[in-house]
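Report on one structure; see the data block that follows.
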Amino acid sequence: MSNINIHIRRELSTELIRLSDFYSVLVVTGPRQSGKTTLCKVNFPSYHYVNMEDIALREQIMLNPKAFLKQFPKGLIIDEVQNVPELLSYIQVVVDEDNSRKFVLTGSNNFSLMQGITQSLAGRVSVFTLLPLSLQELGDIPYRTDTNTLIINGGYPAVWAKKIPVQDVSRNYYNTYIERDVRQLMKVKNLSNFQTFMKLCAGRIGTELNINALSNEIGISSPTLKEWFSILEASYIVFRLPPFFKNIGKRLVKSPKIYFYDTGLACFLLGIETPQQLAVHPLRGVLFENMVVLEFFKNKFNKGVLPNYYFYRDKNQKEVDLIEEKANEMKAYEIKSAQLFNKNFIKNLDYIKNLLGEEVISTQVIYDGELTVHSSENGMVNFRNIHF
């Protein structure tokens, strides 16, 4: 796992430290190489560290798990704990016997990890999600970096802190993911078709997920593709943005939009290698949209809060890119990759305000231009300066 520069402080640190006073077990999930190991080591420097990807160590620990766990009264960080799910029940026993014991667990496979946690550690654990670096965590770098480079580089710490070329980072990430997670953990037999499926998903960023259309294109059954998409979600490759409806039940049955957790990986899958190639690529607009939507999700996760975002589209094809819902209040955002403002940008924002009335307390255009208008009604802001 990548060791990021200690000077890149992760925003999640604040919540992680605060809740360590209240919970015996903290769990940090997120994509491989997003900086989970470094986050835990930096914030809990006195804790002993073990990595469960070490097969020999795993075998040694499982000879007497309880005795091993009791060796570290000052705290223990267990990396990639999804490799030994049976260890979770032993952690439960140790914590129940002595609630002063502290454990910090990390994992990059959400499904297998969360399954074990809900069975063994319910009520004893606080769970966090660490995504790749946000623009805010990069400090002043986004202000001196052109937009296309920001999209292509994505947020993996190795790109920004270690200066490893993004093509190398993405290629290594992709190969490791396919070989280690998909082949070993997920037991996917047809890797070639799965790789094709990943690339087709990258080509559908910002569009509504249509499994049947993908099934026809790739020649794989819809149930299998649904399972594969769940794998991509559980391993933090893609996420869904659900549609907004006044009838909450409808949100669950209408098709969500699909986005990637890292635009650098998405560009790699699309064969986009340089900022110059991205500048003229037909998917540049949706990749920009992906980057902005992802910033909203990162902001929530870094505060220890579940995202509450949706998109709006009706039968008249009126669409708003992003809606944030809190109780009976909503904020609406239109995302545009253009550098020059166009009055048409606010057309759908006005529509949603008229439709939902006073529930919409703020509307904003997020774009790539320099003009900023601070207003709750059709404000404008450069994507580098979003006020969440």
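Lettering and numbering for the structure tokens are positional, with chains as A, B, ... in the shown order, residues counted from 1 in each chain, and ligands counted from 1 in the shown order.
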When DSSP is applied to the backbone of this structure, which of range 45-280 of chain A are assigned alpha helix (DSSP H)? Write them out as a VMD selection string. chain A and resid 55 to 61 65 to 69 87 to 97 110 to 120 147 to 153 157 to 161 166 to 176 191 to 202 211 to 218 222 to 234 263 to 269 275 to 279
Could you write out, as a ChimeraX atom specification, all the residues of range 128-363 of chain A that DSSP marks as strand (DSSP E or B)? /A:128-129,208,238-241,243,257-260,309-313,319-326,329-335,360-363
Please, which residues in range 137-218 of chain A fall within 12 Å of range 308-311 of chain A when counting only C-alpha atoms, and what is the closest atom pair and distance in Å to one decimal for each, ordered by chain then residue number, as a Markdown table?
```
| residue | atom | partner | partner_atom | distance |
| --- | --- | --- | --- | --- |
| A:Gly206 | CA | A:Phe311 | CA | 10.2 |
| A:Thr207 | CA | A:Phe311 | CA | 10.7 |
| A:Glu208 | CA | A:Phe311 | CA | 10.2 |
```
At a cut-off of 12 Å, using only C-alpha atoms, what residues contact Phe44 in chain A? Leave out same-chain residues fewer than 4 positions from it and give the result as a ChimeraX atom specification. /A:13,16-17,20,26,37-40,48-49,74-77,102-105
I need the residues from that last selection saved to file as a compact mmCIF listing (two decimals), in the first residue's frame (with C-alpha atoms), if you can.
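This went into result_32.txt:
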```txt
# COMPACT_ATOMS: atom_id res chain seq x y z
CA SER A 13 -7.93 12.40 10.54
CA LEU A 16 -10.82 9.30 13.19
CA ILE A 17 -9.10 10.75 16.26
CA SER A 20 -11.20 6.78 18.85
CA LEU A 26 -12.15 1.69 14.20
CA THR A 37 -2.16 2.50 6.05
CA THR A 38 -0.42 5.86 6.30
CA LEU A 39 -3.53 7.51 7.74
CA CYS A 40 -3.66 4.95 10.55
CA HIS A 48 1.72 -1.95 16.71
CA TYR A 49 1.20 -2.67 12.99
CA LYS A 74 -1.14 0.08 23.53
CA GLY A 75 -3.19 -0.64 20.43
CA LEU A 76 -2.98 -2.64 17.21
CA ILE A 77 -3.39 -1.69 13.53
CA LYS A 102 -7.91 -0.42 20.88
CA PHE A 103 -7.90 -1.84 17.36
CA VAL A 104 -7.72 -0.04 14.02
CA LEU A 105 -8.62 -2.22 11.04
```
